[in-house]
file model_30.cif (mmCIF, C-alpha atoms)
data_entry
#
loop_
_atom_site.label_atom_id
_atom_site.label_comp_id
_atom_site.auth_asym_id
_atom_site.auth_seq_id
_atom_site.Cartn_x
_atom_site.Cartn_y
_atom_site.Cartn_z
CA MET A 1 68.11 125.06 124.38
CA LEU A 2 69.56 121.66 123.58
CA THR A 3 66.86 118.95 123.70
CA LEU A 4 67.08 115.17 123.58
CA GLN A 5 64.59 115.10 120.71
CA GLY A 6 66.70 117.54 118.70
CA LEU A 7 69.89 115.61 119.48
CA ARG A 8 68.19 112.34 118.48
CA GLN A 9 67.33 113.85 115.10
CA GLN A 10 70.89 115.10 114.58
CA LEU A 11 72.31 111.67 115.44
CA GLY A 12 70.05 109.83 113.00
CA PRO A 13 72.84 109.17 110.44
CA CYS A 14 75.01 107.61 113.19
CA MET A 15 72.55 105.08 114.60
CA GLY A 16 73.90 102.25 112.47
CA ALA A 17 77.52 102.71 113.60
CA HIS A 18 79.33 99.88 115.37
CA ALA A 19 80.16 102.20 118.28
CA TRP A 20 80.12 105.83 119.41
CA VAL A 21 83.29 107.38 120.83
CA LEU A 22 82.90 110.80 122.44
CA GLY A 23 85.83 113.21 122.36
CA LEU A 24 85.72 114.47 125.96
CA SER A 25 87.80 117.45 127.05
CA GLY A 26 85.80 117.99 130.24
CA GLY A 27 84.75 121.47 129.12
CA LEU A 28 81.21 122.80 128.95
CA ASP A 29 80.50 121.60 125.41
CA SER A 30 81.68 118.00 125.68
CA MET A 31 80.21 117.58 129.18
CA ALA A 32 76.83 118.71 127.86
CA LEU A 33 77.08 116.16 125.07
CA LEU A 34 78.21 113.40 127.46
CA ASP A 35 75.25 114.07 129.73
CA ALA A 36 72.76 114.24 126.85
CA LEU A 37 74.07 111.01 125.31
CA THR A 38 73.77 109.09 128.55
CA GLN A 39 70.21 110.36 129.02
CA LEU A 40 69.41 109.38 125.43
CA ARG A 41 70.84 105.92 126.13
CA GLN A 42 68.29 105.50 128.92
CA GLN A 43 65.43 106.24 126.52
CA GLN A 44 66.41 104.15 123.51
CA SER A 45 68.95 101.75 122.11
CA ILE A 46 72.10 103.43 120.80
CA PRO A 47 75.47 102.03 119.69
CA PRO A 48 77.93 101.18 122.49
CA LEU A 49 79.15 104.47 124.00
CA SER A 50 82.68 105.22 125.22
CA ALA A 51 84.81 108.35 125.53
CA ILE A 52 88.39 109.43 124.90
CA HIS A 53 90.24 112.25 126.64
CA VAL A 54 93.40 113.63 125.04
CA HIS A 55 96.03 114.65 127.59
CA HIS A 56 98.11 117.35 125.87
CA GLY A 57 100.36 118.02 128.86
CA LEU A 58 100.17 121.77 128.28
CA SER A 59 98.72 122.73 131.65
CA ALA A 60 99.74 121.97 135.22
CA GLU A 61 96.11 120.92 135.65
CA ALA A 62 96.21 118.36 132.83
CA ASP A 63 96.31 115.34 135.16
CA ALA A 64 93.44 116.73 137.21
CA TRP A 65 91.40 117.26 134.04
CA ALA A 66 91.96 113.65 132.98
CA GLN A 67 90.86 112.48 136.43
CA PHE A 68 87.78 114.70 136.28
CA CYS A 69 86.78 113.10 132.96
CA ALA A 70 87.39 109.64 134.41
CA ASP A 71 85.18 110.40 137.42
CA GLN A 72 82.38 111.86 135.28
CA CYS A 73 82.42 108.88 132.90
CA ALA A 74 82.53 106.38 135.77
CA ALA A 75 79.48 108.02 137.36
CA ARG A 76 77.58 107.50 134.08
CA GLY A 77 78.88 104.03 133.24
CA VAL A 78 80.81 105.20 130.19
CA PRO A 79 84.25 103.61 129.54
CA LEU A 80 87.01 106.22 129.13
CA SER A 81 90.46 106.00 127.58
CA VAL A 82 93.11 108.69 128.09
CA ALA A 83 95.52 109.34 125.23
CA ARG A 84 98.73 111.15 126.19
CA VAL A 85 100.29 113.00 123.28
CA GLN A 86 103.46 114.91 122.52
CA LEU A 87 103.07 118.02 120.43
CA PRO A 88 104.98 118.26 117.13
CA ALA A 89 107.56 121.01 116.88
CA GLY A 90 107.35 123.93 114.48
CA ALA A 91 103.65 124.77 114.56
CA SER A 92 101.73 127.13 116.82
CA VAL A 93 100.60 125.65 120.13
CA GLU A 94 96.97 125.74 118.96
CA GLU A 95 97.74 123.99 115.67
CA ALA A 96 100.13 121.48 117.23
CA ALA A 97 97.55 120.53 119.88
CA ARG A 98 94.85 120.16 117.21
CA GLN A 99 97.02 117.90 115.04
CA ALA A 100 98.02 115.73 118.00
CA ARG A 101 94.42 115.50 119.17
CA TYR A 102 93.04 114.33 115.84
CA ALA A 103 95.90 111.88 115.40
CA ALA A 104 94.99 110.39 118.78
CA PHE A 105 91.32 110.23 117.81
CA ALA A 106 92.14 108.48 114.53
CA ALA A 107 94.41 105.95 116.26
CA ALA A 108 91.77 105.09 118.89
CA LEU A 109 88.70 104.93 116.65
CA PRO A 110 87.57 101.34 115.90
CA PRO A 111 86.54 100.42 112.34
CA GLN A 112 82.99 101.48 111.44
CA ALA A 113 82.74 103.55 114.63
CA VAL A 114 81.77 107.23 114.89
CA LEU A 115 83.74 109.84 116.80
CA LEU A 116 81.34 112.40 118.27
CA LEU A 117 82.65 115.92 118.87
CA ALA A 118 80.79 118.74 120.62
CA HIS A 119 81.52 121.64 118.27
CA HIS A 120 78.62 124.10 118.26
CA ALA A 121 77.39 127.09 116.26
CA ASP A 122 79.78 129.54 117.95
CA ASP A 123 82.72 127.27 117.01
CA GLN A 124 81.44 127.37 113.45
CA LEU A 125 81.40 131.18 113.46
CA GLU A 126 84.87 131.44 114.98
CA THR A 127 86.28 128.96 112.47
CA LEU A 128 84.68 130.82 109.59
CA LEU A 129 86.07 134.20 110.69
CA PHE A 130 89.49 132.72 111.38
CA ARG A 131 89.67 131.22 107.90
CA MET A 132 88.36 134.37 106.23
CA LEU A 133 91.11 136.43 107.86
CA ARG A 134 93.66 133.93 106.53
CA GLY A 135 92.32 134.28 102.99
CA THR A 136 90.72 130.85 102.77
CA GLY A 137 89.15 129.45 99.62
CA LEU A 138 85.63 128.13 99.15
CA ARG A 139 86.34 124.92 101.04
CA GLY A 140 87.39 126.93 104.06
CA LEU A 141 84.36 129.20 103.80
CA ALA A 142 82.13 126.16 104.15
CA GLY A 143 83.26 126.04 107.79
CA ILE A 144 83.37 122.95 109.97
CA PRO A 145 81.83 119.92 108.21
CA GLN A 146 79.24 118.04 110.19
CA GLN A 147 80.77 114.75 109.15
CA ARG A 148 83.84 113.38 107.44
CA GLN A 149 85.77 110.15 107.27
CA LEU A 150 88.33 109.53 110.00
CA ALA A 151 90.63 106.50 109.88
CA GLU A 152 88.32 103.51 109.28
CA GLY A 153 85.31 105.25 110.75
CA TRP A 154 83.62 108.63 110.76
CA LEU A 155 83.75 111.91 112.63
CA PHE A 156 80.36 113.49 113.38
CA ARG A 157 79.40 116.78 115.03
CA PRO A 158 75.78 116.59 116.20
CA MET A 159 75.66 119.97 118.03
CA LEU A 160 76.39 122.50 115.30
CA SER A 161 72.77 123.69 115.45
CA TRP A 162 73.08 124.98 119.04
CA SER A 163 74.99 127.97 120.38
CA ARG A 164 77.37 128.03 123.33
CA ALA A 165 74.73 129.89 125.35
CA GLN A 166 72.15 127.18 124.65
CA LEU A 167 74.56 124.44 125.76
CA ARG A 168 75.35 126.40 128.91
CA GLN A 169 71.63 126.63 129.63
CA TRP A 170 71.33 122.83 129.31
CA ALA A 171 74.35 122.27 131.55
CA GLN A 172 73.05 124.60 134.23
CA THR A 173 69.58 123.08 134.10
CA GLN A 174 71.07 119.58 134.54
CA GLY A 175 73.38 120.72 137.32
CA LEU A 176 76.52 119.71 135.44
CA ARG A 177 80.10 120.42 136.39
CA TRP A 178 82.77 121.19 133.82
CA ILE A 179 86.32 122.43 133.40
CA ASP A 180 87.10 126.03 132.49
CA ASP A 181 90.42 125.97 130.66
CA PRO A 182 92.29 129.27 131.30
CA ALA A 183 93.56 129.10 127.71
CA ASN A 184 90.01 129.88 126.58
CA GLN A 185 90.45 133.36 128.09
CA ASP A 186 93.99 133.96 126.80
CA ALA A 187 93.81 136.60 124.04
CA ARG A 188 97.25 135.56 122.76
CA PHE A 189 95.50 132.68 121.03
CA ALA A 190 93.85 133.71 117.76
CA ARG A 191 90.56 131.93 118.30
CA THR A 192 90.24 133.33 121.82
CA ALA A 193 90.74 136.85 120.50
CA LEU A 194 88.06 136.24 117.89
CA ARG A 195 85.67 134.93 120.54
CA HIS A 196 86.10 137.70 123.08
CA GLN A 197 86.98 140.71 120.95
CA LEU A 198 86.02 140.49 117.28
CA LEU A 199 82.72 138.58 117.47
CA PRO A 200 81.19 140.79 120.21
CA MET A 201 82.06 143.88 118.16
CA LEU A 202 80.51 142.41 115.01
CA ARG A 203 77.35 141.49 116.90
CA GLN A 204 77.11 144.96 118.38
CA HIS A 205 77.25 146.71 115.00
CA TRP A 206 75.58 143.96 112.94
CA PRO A 207 73.01 142.16 115.11
CA ALA A 208 72.36 139.61 112.36
CA ALA A 209 76.08 138.82 111.91
CA ASP A 210 75.76 135.24 113.16
CA GLN A 211 72.97 134.35 110.76
CA SER A 212 74.69 136.12 107.87
CA LEU A 213 77.98 134.29 108.42
CA LEU A 214 76.29 130.92 108.76
CA ARG A 215 74.33 131.62 105.58
CA LEU A 216 77.64 132.39 103.85
CA ALA A 217 78.98 129.02 105.00
CA ALA A 218 75.89 127.30 103.61
CA HIS A 219 76.31 129.02 100.24
CA ALA A 220 80.01 128.07 100.16
CA SER A 221 79.13 124.47 101.00
CA GLU A 222 76.70 124.33 98.07
CA ALA A 223 79.35 125.82 95.74
CA ASN A 224 81.80 123.20 96.99
CA GLU A 225 79.40 120.46 96.00
CA LEU A 226 79.41 121.80 92.45
CA LEU A 227 83.21 122.01 92.45
CA ASP A 228 83.43 118.42 93.69
CA GLU A 229 81.13 117.27 90.91
CA ARG A 230 83.38 119.03 88.37
CA ALA A 231 86.46 117.46 89.99
CA GLU A 232 84.88 113.99 89.77
CA GLN A 233 84.31 114.49 86.05
CA ASP A 234 87.89 115.70 85.52
CA LEU A 235 89.27 112.87 87.64
CA ALA A 236 87.72 110.32 85.32
CA THR A 237 89.96 111.56 82.49
CA VAL A 238 93.08 112.50 84.50
CA ALA A 239 93.36 109.53 86.88
CA THR A 240 93.56 106.90 84.15
CA PRO A 241 94.15 103.49 85.76
CA LEU A 242 97.47 101.68 85.42
CA THR A 243 97.74 97.97 84.72
CA ASP A 244 101.35 97.53 85.82
CA ALA A 245 101.30 95.42 89.00
CA TRP A 246 104.06 97.52 90.57
CA LEU A 247 102.26 100.81 89.93
CA ALA A 248 98.53 100.11 90.08
CA GLY A 249 98.38 100.50 93.86
CA TRP A 250 99.81 104.03 93.87
CA PRO A 251 97.52 107.06 93.50
CA SER A 252 98.61 108.94 90.39
CA LEU A 253 97.43 111.39 87.72
CA ASP A 254 98.31 111.76 84.06
CA VAL A 255 100.43 114.92 83.71
CA ASP A 256 99.38 115.82 80.15
CA ALA A 257 95.69 115.36 80.97
CA LEU A 258 96.03 117.53 84.07
CA LEU A 259 97.87 120.31 82.23
CA GLY A 260 95.20 120.20 79.54
CA LEU A 261 92.72 121.62 82.06
CA SER A 262 92.39 125.30 82.87
CA PRO A 263 94.51 126.45 85.86
CA ALA A 264 91.40 126.79 88.02
CA ARG A 265 90.32 123.23 87.23
CA GLN A 266 93.86 121.96 87.85
CA ARG A 267 93.85 123.43 91.36
CA ASN A 268 90.32 122.24 92.04
CA LEU A 269 91.11 118.71 90.91
CA LEU A 270 94.34 118.50 92.92
CA ARG A 271 92.66 119.69 96.09
CA TYR A 272 89.83 117.19 95.61
CA TRP A 273 92.25 114.35 94.83
CA LEU A 274 94.53 115.13 97.79
CA ALA A 275 91.55 115.32 100.14
CA ALA A 276 90.49 111.86 98.88
CA GLN A 277 93.94 110.56 99.93
CA GLY A 278 93.35 111.94 103.43
CA ALA A 279 96.13 114.50 103.00
CA LEU A 280 96.38 117.99 104.41
CA LEU A 281 95.99 120.49 101.59
CA PRO A 282 98.93 122.74 100.69
CA VAL A 283 98.55 126.51 100.91
CA THR A 284 97.59 128.12 97.59
CA ARG A 285 100.95 129.77 96.91
CA ARG A 286 102.83 126.47 97.26
CA LEU A 287 100.35 124.63 95.07
CA ASP A 288 100.49 127.38 92.41
CA ALA A 289 104.31 127.42 92.44
CA TRP A 290 104.44 123.66 92.00
CA LEU A 291 101.93 123.69 89.14
CA SER A 292 104.03 126.37 87.42
CA GLN A 293 107.11 124.14 87.69
CA LEU A 294 105.08 121.23 86.40
CA ALA A 295 104.03 123.13 83.29
CA ALA A 296 107.45 124.67 82.63
CA ALA A 297 109.65 121.57 82.74
CA GLU A 298 108.50 118.70 80.53
CA ASP A 299 111.52 116.57 81.41
CA GLY A 300 111.86 117.78 84.98
CA GLN A 301 110.74 116.05 88.15
CA PRO A 302 109.39 118.81 90.41
CA GLN A 303 108.41 117.67 93.89
CA LEU A 304 106.00 119.15 96.40
CA ASP A 305 107.20 118.09 99.84
CA LEU A 306 104.74 118.41 102.69
CA ASP A 307 104.64 117.02 106.21
CA ASP A 308 103.11 113.64 105.51
CA TYR A 309 103.39 113.13 101.76
CA ARG A 310 105.14 114.16 98.53
CA LEU A 311 103.85 114.88 95.05
CA TYR A 312 106.38 113.65 92.53
CA ARG A 313 106.40 113.90 88.74
CA SER A 314 107.95 110.98 86.90
CA SER A 315 107.22 108.84 83.84
CA GLY A 316 104.42 111.13 82.71
CA ARG A 317 102.49 110.85 85.98
CA ILE A 318 102.04 112.74 89.22
CA TRP A 319 102.48 110.34 92.11
CA PHE A 320 101.16 110.64 95.66
CA ILE A 321 103.95 109.27 97.86
CA PRO A 322 103.49 108.88 101.65
CA GLY A 323 106.14 110.58 103.73
CA ALA A 324 107.08 107.21 105.27
CA TRP A 325 108.09 105.74 101.89
CA PRO A 326 111.88 105.18 102.00
CA SER A 327 114.27 106.95 99.63
CA SER A 328 116.03 103.60 99.12
CA GLY A 329 115.71 100.02 100.30
CA THR A 330 117.66 98.34 103.10
CA PRO A 331 119.82 95.32 102.13
CA GLU A 332 118.92 92.08 103.90
CA SER A 333 120.14 88.49 104.07
CA LEU A 334 117.74 85.66 103.25
CA SER A 335 117.12 82.24 104.68
CA GLY A 336 114.40 79.65 104.29
CA HIS A 337 112.93 77.59 101.48
CA SER A 338 109.73 79.55 100.83
CA VAL A 339 109.41 82.98 102.39
CA GLN A 340 107.24 86.08 102.41
CA TRP A 341 109.70 88.83 103.17
CA LEU A 342 108.35 92.09 104.57
CA LEU A 343 110.89 94.67 103.50
CA ALA A 344 111.69 97.69 105.69
CA GLY A 345 108.81 100.00 104.70
CA ASN A 346 109.19 98.77 101.15
CA GLY A 347 106.38 96.35 100.49
CA CYS A 348 106.57 92.58 100.37
CA LEU A 349 108.86 90.22 98.44
CA ARG A 350 107.53 86.69 97.98
CA LEU A 351 109.96 83.86 97.28
CA SER A 352 108.98 80.28 96.63
CA ALA A 353 111.23 77.20 96.51
CA LEU A 354 114.45 79.13 97.06
CA PRO A 355 117.11 76.74 95.69
CA ALA A 356 120.50 76.04 97.23
CA GLY A 357 122.92 78.20 95.28
CA GLU A 358 126.63 78.78 95.22
CA GLY A 359 126.66 81.48 97.84
CA ALA A 360 124.31 83.18 100.27
CA TRP A 361 120.99 84.59 99.13
CA ARG A 362 120.50 88.29 99.83
CA ILE A 363 118.42 91.30 98.88
CA ALA A 364 120.26 94.40 97.68
CA TYR A 365 119.34 97.66 95.96
CA ARG A 366 120.73 99.70 93.13
CA LEU A 367 124.02 101.48 93.63
CA GLY A 368 124.69 101.92 89.90
CA GLY A 369 126.15 99.70 87.20
CA GLU A 370 124.11 96.56 87.98
CA GLN A 371 123.64 94.09 85.12
CA ILE A 372 121.63 90.91 84.67
CA ARG A 373 121.97 88.17 82.05
CA LEU A 374 118.52 87.58 80.57
CA PRO A 375 117.49 84.54 78.47
CA GLY A 376 117.79 85.35 74.80
CA ARG A 377 118.72 88.99 75.46
CA GLY A 378 122.20 88.75 76.84
CA THR A 379 123.52 91.05 79.53
CA GLN A 380 121.27 94.04 80.25
CA SER A 381 121.69 97.14 82.38
CA VAL A 382 119.20 97.21 85.26
CA LYS A 383 119.02 100.99 84.92
CA HIS A 384 117.96 100.75 81.28
CA LEU A 385 115.43 98.00 82.02
CA LEU A 386 113.72 100.18 84.64
CA GLN A 387 113.73 103.19 82.32
CA GLN A 388 112.31 101.22 79.40
CA ALA A 389 109.52 99.88 81.62
CA GLN A 390 108.75 103.48 82.70
CA ILE A 391 109.22 102.67 86.37
CA PRO A 392 109.08 106.11 88.05
CA ALA A 393 112.34 107.52 89.35
CA TRP A 394 111.18 107.58 93.00
CA LEU A 395 110.46 103.82 92.92
CA ARG A 396 113.68 102.63 91.24
CA PRO A 397 115.95 102.86 94.33
CA CYS A 398 113.48 100.64 96.21
CA VAL A 399 113.24 97.81 93.67
CA PRO A 400 114.71 94.74 95.43
CA LEU A 401 117.51 92.91 93.63
CA LEU A 402 117.86 89.23 94.50
CA TYR A 403 121.43 87.93 94.56
CA CYS A 404 122.93 84.52 95.08
CA GLY A 405 126.48 85.24 96.08
CA ASN A 406 127.63 87.91 93.66
CA GLU A 407 125.27 86.93 90.84
CA LEU A 408 122.13 89.00 90.22
CA VAL A 409 119.39 86.39 89.88
CA SER A 410 116.23 88.48 89.73
CA VAL A 411 115.08 92.10 89.58
CA ALA A 412 112.10 91.72 91.90
CA GLY A 413 110.71 88.86 89.80
CA ARG A 414 110.16 91.09 86.76
CA TRP A 415 113.42 90.24 85.04
CA ASN A 416 114.96 86.88 85.89
CA ALA A 417 118.40 85.63 84.92
CA GLU A 418 118.91 82.42 82.97
CA VAL A 419 119.86 80.58 86.16
CA ALA A 420 116.55 81.58 87.74
CA LEU A 421 114.57 80.10 84.85
CA MET A 422 116.51 76.87 85.13
CA ASP A 423 115.71 76.70 88.85
CA ALA A 424 112.07 77.50 88.13
CA VAL A 425 111.80 74.49 85.83
CA GLN A 426 113.61 72.18 88.25
CA SER A 427 112.26 73.29 91.63
CA GLY A 428 109.38 75.73 91.07
CA PHE A 429 111.43 78.76 92.12
CA THR A 430 109.43 82.04 91.82
CA VAL A 431 109.90 85.67 92.86
CA SER A 432 107.32 88.48 93.08
CA TRP A 433 107.29 91.93 94.66
CA GLU A 434 104.39 94.05 95.90
CA PRO A 435 105.61 97.61 96.55
CA VAL A 436 102.41 98.47 98.45
CA SER A 437 101.51 96.06 101.21
CA ASP A 438 99.13 96.16 104.18
#

call {"tool": "encode", "arguments": {"input": "model_30.cif", "output": "structure tokens"}}
result
Amino acid sequence: MLTLQGLRQQLGPCMGAHAWVLGLSGGLDSMALLDALTQLRQQQSIPPLSAIHVHHGLSAEADAWAQFCADQCAARGVPLSVARVQLPAGASVEEAARQARYAAFAAALPPQAVLLLAHHADDQLETLLFRMLRGTGLRGLAGIPQQRQLAEGWLFRPMLSWSRAQLRQWAQTQGLRWIDDPANQDARFARTALRHQLLPMLRQHWPAADQSLLRLAAHASEANELLDERAEQDLATVATPLTDAWLAGWPSLDVDALLGLSPARQRNLLRYWLAAQGALLPVTRRLDAWLSQLAAAEDGQPQLDLDDYRLYRSSGRIWFIPGAWPSSGTPESLSGHSVQWLLAGNGCLRLSALPAGEGAWRIAYRLGGEQIRLPGRGTQSVKHLLQQAQIPAWLRPCVPLLYCGNELVSVAGRWNAEVALMDAVQSGFTVSWEPVSD
């Protein structure tokens, strides 16, 4: 059975957190953890404890469940926030609810805080079987991780050592109340079918199935550690740093160095690198197809478009581009003497001592055919300047062009017209652009 001493040992790595936030559904598992945490708080000092309930809006009882959680937290002196979410279209209900739930957790988690979730050993088994039936790789076979980074804090699962039956025993001994979600009995959901049909059959024919599957997860976790060590070594040669101020802030890999690795090491490195960016990993067939395109077309620019990011080949690099990055900039008018201009999703343009020119100052973006008259170099094509500087193709449409009237004065501070240099001498006029800004 769950014990406070055992829970205290599991929570050891979290004691130094700035706060604990419990993900509270109101079900058996999270209610058992809520009760145990509040009892632990009476025995010793722990970080400030609060809870969050995610209201998915999927059940007619959803409001009642949120109120139940509020009442239970109030009775224990635990602050509760309720996050109402809308499910994204296109995914299964289970997957959509999971994505929305974790997005709500990430948005609510304070920096350096720990989100505590009540997943237990049976959840681990169900996850492992579910992933095996989907043909998961080694990372999937490792099952649910006990901890991982989430937003600016951490996610931690302190109850993976206990089974559902052991948590139920604790809850009954403590006289707890909890919510029974009817969806947990609906065999149309894959995990429910695993729980009520497949797992009982496995246990009947293989009594040691639970221990064997958990041992498999432990072996896979150890193998993953070795793969991560190999990926770290490969990353040191493939993720060579860039010194260009416009490009240094973007995660990128050297294409030739990546393709110089064996296919297995390429896939391992990409998965490790993408996970480090906090990105959802693509399915194997999509990743393999993209790597094939990458190897086949030296001058091509194959993209891998996923929900929240893109992988883009350009200028000899593979770039990790957030899905929110615009395909082109938005023109804007300027005013003011010295300004820090936050562009529409496009970084920050800093202007100092903006002189009075013959015409209005404005920010525009490439449409084609732009030229700038550079000191000592004559008139130059902006397109050729960007190509010569190996600015990747995905970034070029977002490079801000500073105009005074109809005259191009500066290409984001990197190339400045003769008139800009004259103003710089006379008034201290400067321009700089940071494509990545907080």

call {"tool": "residues_around", "arguments": {"input": "model_30.cif", "residues": "Met159 in chain A", "least_positions_apart": "4", "cutoff": "7 Å", "atoms": "all atoms listed in the file", "output": "PyMOL selection string"}}
result
chain A and resi 118-120

call {"tool": "residues_around", "arguments": {"input": "model_30.cif", "residues": "Trp290 in chain A", "least_positions_apart": "3", "cutoff": "8 Å", "atoms": "only C-alpha atoms", "output": "PyMOL selection string"}}
result
chain A and resi 286-287+293-294+302-304

call {"tool": "resolve_selection", "arguments": {"input": "model_30.cif", "expression": "the PyMOL selection byres ((chain A and resi 375-380) around 9)", "output": "list in words"}}
result
Glu370, Gln371, Ile372, Arg373, Leu374, Ser381, Val382, Lys383, His384, Leu385, Asn416, Ala417, Glu418, Val419 and Leu421 of chain A

call {"tool": "residues_around", "arguments": {"input": "model_30.cif", "residues": "Ser30 in chain A", "least_positions_apart": "2", "cutoff": "10 Å", "atoms": "only C-alpha atoms", "output": "PyMOL selection string"}}
result
chain A and resi 22-28+32-36+116-119+159+167+178

call {"tool": "resolve_selection", "arguments": {"input": "model_30.cif", "expression": "the PyMOL selection byres ((chain A and resi 129) around 10)", "output": "list of chain:residue names"}}
result
A:Asp123, A:Gln124, A:Leu125, A:Glu126, A:Thr127, A:Leu128, A:Phe130, A:Arg131, A:Met132, A:Leu133, A:Arg134, A:Gly135, A:Thr136, A:Gly140, A:Leu141, A:Gly143, A:Arg191, A:Leu194, A:Arg195, A:Leu198, A:Leu199, A:Leu213

call {"tool": "resolve_selection", "arguments": {"input": "model_30.cif", "expression": "the PyMOL selection byres ((chain A and resi 273) around 10)", "output": "number ranges by chain"}}
result
A: 228, 231-232, 235, 239, 251-253, 267-272, 274-279, 281, 320

call {"tool": "closest_residue", "arguments": {"input": "model_30.cif", "among": "A:Ala412, A:Ala389, A:Val339, A:Cys73", "to": "Arg366 in chain A", "atoms": "all atoms listed in the file"}}
result
A:Ala412

call {"tool": "closest_atom_pairs", "arguments": {"input": "model_30.cif", "of": "range 18-57 of chain A", "to": "range 104-113 of chain A", "cutoff": "8 Å", "atoms": "all atoms listed in the file", "output": "JSON lines"}}
result
{"residue": "A:His18", "atom": "CA", "partner": "A:Ala113", "partner_atom": "CA", "distance": 5.1}
{"residue": "A:Ala19", "atom": "CA", "partner": "A:Ala113", "partner_atom": "CA", "distance": 4.7}
{"residue": "A:Trp20", "atom": "CA", "partner": "A:Ala113", "partner_atom": "CA", "distance": 5.9}
{"residue": "A:Val21", "atom": "CA", "partner": "A:Leu109", "partner_atom": "CA", "distance": 7.3}
{"residue": "A:Gly23", "atom": "CA", "partner": "A:Phe105", "partner_atom": "CA", "distance": 7.7}
{"residue": "A:Ile52", "atom": "CA", "partner": "A:Phe105", "partner_atom": "CA", "distance": 7.7}
{"residue": "A:Val54", "atom": "CA", "partner": "A:Ala104", "partner_atom": "CA", "distance": 7.2}

call {"tool": "atom_distance", "arguments": {"input": "model_30.cif", "atom1": "CA of Leu349 in chain A", "atom2": "CA of Trp361 in chain A"}}
result
13.4 Å

call {"tool": "atom_distance", "arguments": {"input": "model_30.cif", "atom1": "CA of Glu434 in chain A", "atom2": "CA of Asp234 in chain A"}}
result
29.1 Å

call {"tool": "closest_residue", "arguments": {"input": "model_30.cif", "among": "A:Pro322, A:Gly12, A:Pro182, A:Gly316", "to": "Asp256 in chain A", "atoms": "all atoms listed in the file"}}
result
A:Gly316

call {"tool": "atom_distance", "arguments": {"input": "model_30.cif", "atom1": "CA of Gln5 in chain A", "atom2": "CA of Ile144 in chain A"}}
result
23.0 Å

call {"tool": "closest_residue", "arguments": {"input": "model_30.cif", "among": "A:Arg8, A:Arg76, A:Arg84, A:Arg310", "to": "Ala324 in chain A", "atoms": "all atoms listed in the file"}}
result
A:Arg310

call {"tool": "closest_residue", "arguments": {"input": "model_30.cif", "among": "A:Arg148, A:Arg285, A:Arg177, A:His53", "to": "Cys69 in chain A", "atoms": "only C-alpha atoms"}}
result
A:His53

call {"tool": "closest_residue", "arguments": {"input": "model_30.cif", "among": "A:Gln44, A:Ser92, A:Ser212, A:Gln301", "to": "Val255 in chain A", "atoms": "all atoms listed in the file"}}
result
A:Gln301

call {"tool": "closest_residue", "arguments": {"input": "model_30.cif", "among": "A:Cys14, A:Leu40, A:Ala97, A:Tyr365", "to": "Leu343 in chain A", "atoms": "all atoms listed in the file"}}
result
A:Tyr365

call {"tool": "residues_around", "arguments": {"input": "model_30.cif", "residues": "Asn224 in chain A", "least_positions_apart": "6", "cutoff": "8 Å", "atoms": "all atoms listed in the file", "output": "PDB file with C-alpha atoms, in the coordinates of the input"}}
result
ATOM      1  CA  LEU A 138      85.630 128.130  99.150  1.00  0.00           C
ATOM      2  CA  ARG A 139      86.340 124.920 101.040  1.00  0.00           C
ATOM      3  CA  ALA A 142      82.130 126.160 104.150  1.00  0.00           C
TER       4      ALA A 142
END

call {"tool": "decode", "arguments": {"input": "model_30.cif", "residues": "range 148-157 of chain A", "atoms": "N, CA and C atoms", "output": "CSV table (one decimal), in the first residue's frame"}}
result
chain,number,residue,atom,x,y,z
A,148,ARG,N,10.5,14.9,-16.3
A,148,ARG,CA,11.0,15.6,-17.5
A,148,ARG,C,10.8,17.1,-17.3
A,149,GLN,N,11.4,17.9,-18.2
A,149,GLN,CA,11.2,19.3,-18.1
A,149,GLN,C,9.9,19.7,-18.7
A,150,LEU,N,9.2,20.7,-18.1
A,150,LEU,CA,8.0,21.2,-18.6
A,150,LEU,C,8.0,22.7,-18.4
A,151,ALA,N,7.8,23.4,-19.5
A,151,ALA,CA,7.9,24.9,-19.5
A,151,ALA,C,9.2,25.3,-18.8
A,152,GLU,N,9.1,26.1,-17.8
A,152,GLU,CA,10.3,26.6,-17.0
A,152,GLU,C,10.4,25.8,-15.7
A,153,GLY,N,9.7,24.7,-15.6
A,153,GLY,CA,9.8,23.9,-14.4
A,153,GLY,C,10.0,22.4,-14.8
A,154,TRP,N,9.4,21.5,-13.9
A,154,TRP,CA,9.6,20.1,-14.1
A,154,TRP,C,8.3,19.4,-13.9
A,155,LEU,N,8.1,18.3,-14.6
A,155,LEU,CA,7.0,17.4,-14.3
A,155,LEU,C,7.6,16.1,-13.6
A,156,PHE,N,6.9,15.7,-12.5
A,156,PHE,CA,7.4,14.6,-11.7
A,156,PHE,C,6.2,13.7,-11.4
A,157,ARG,N,6.5,12.4,-11.5
A,157,ARG,CA,5.5,11.4,-11.2
A,157,ARG,C,6.0,10.5,-10.0
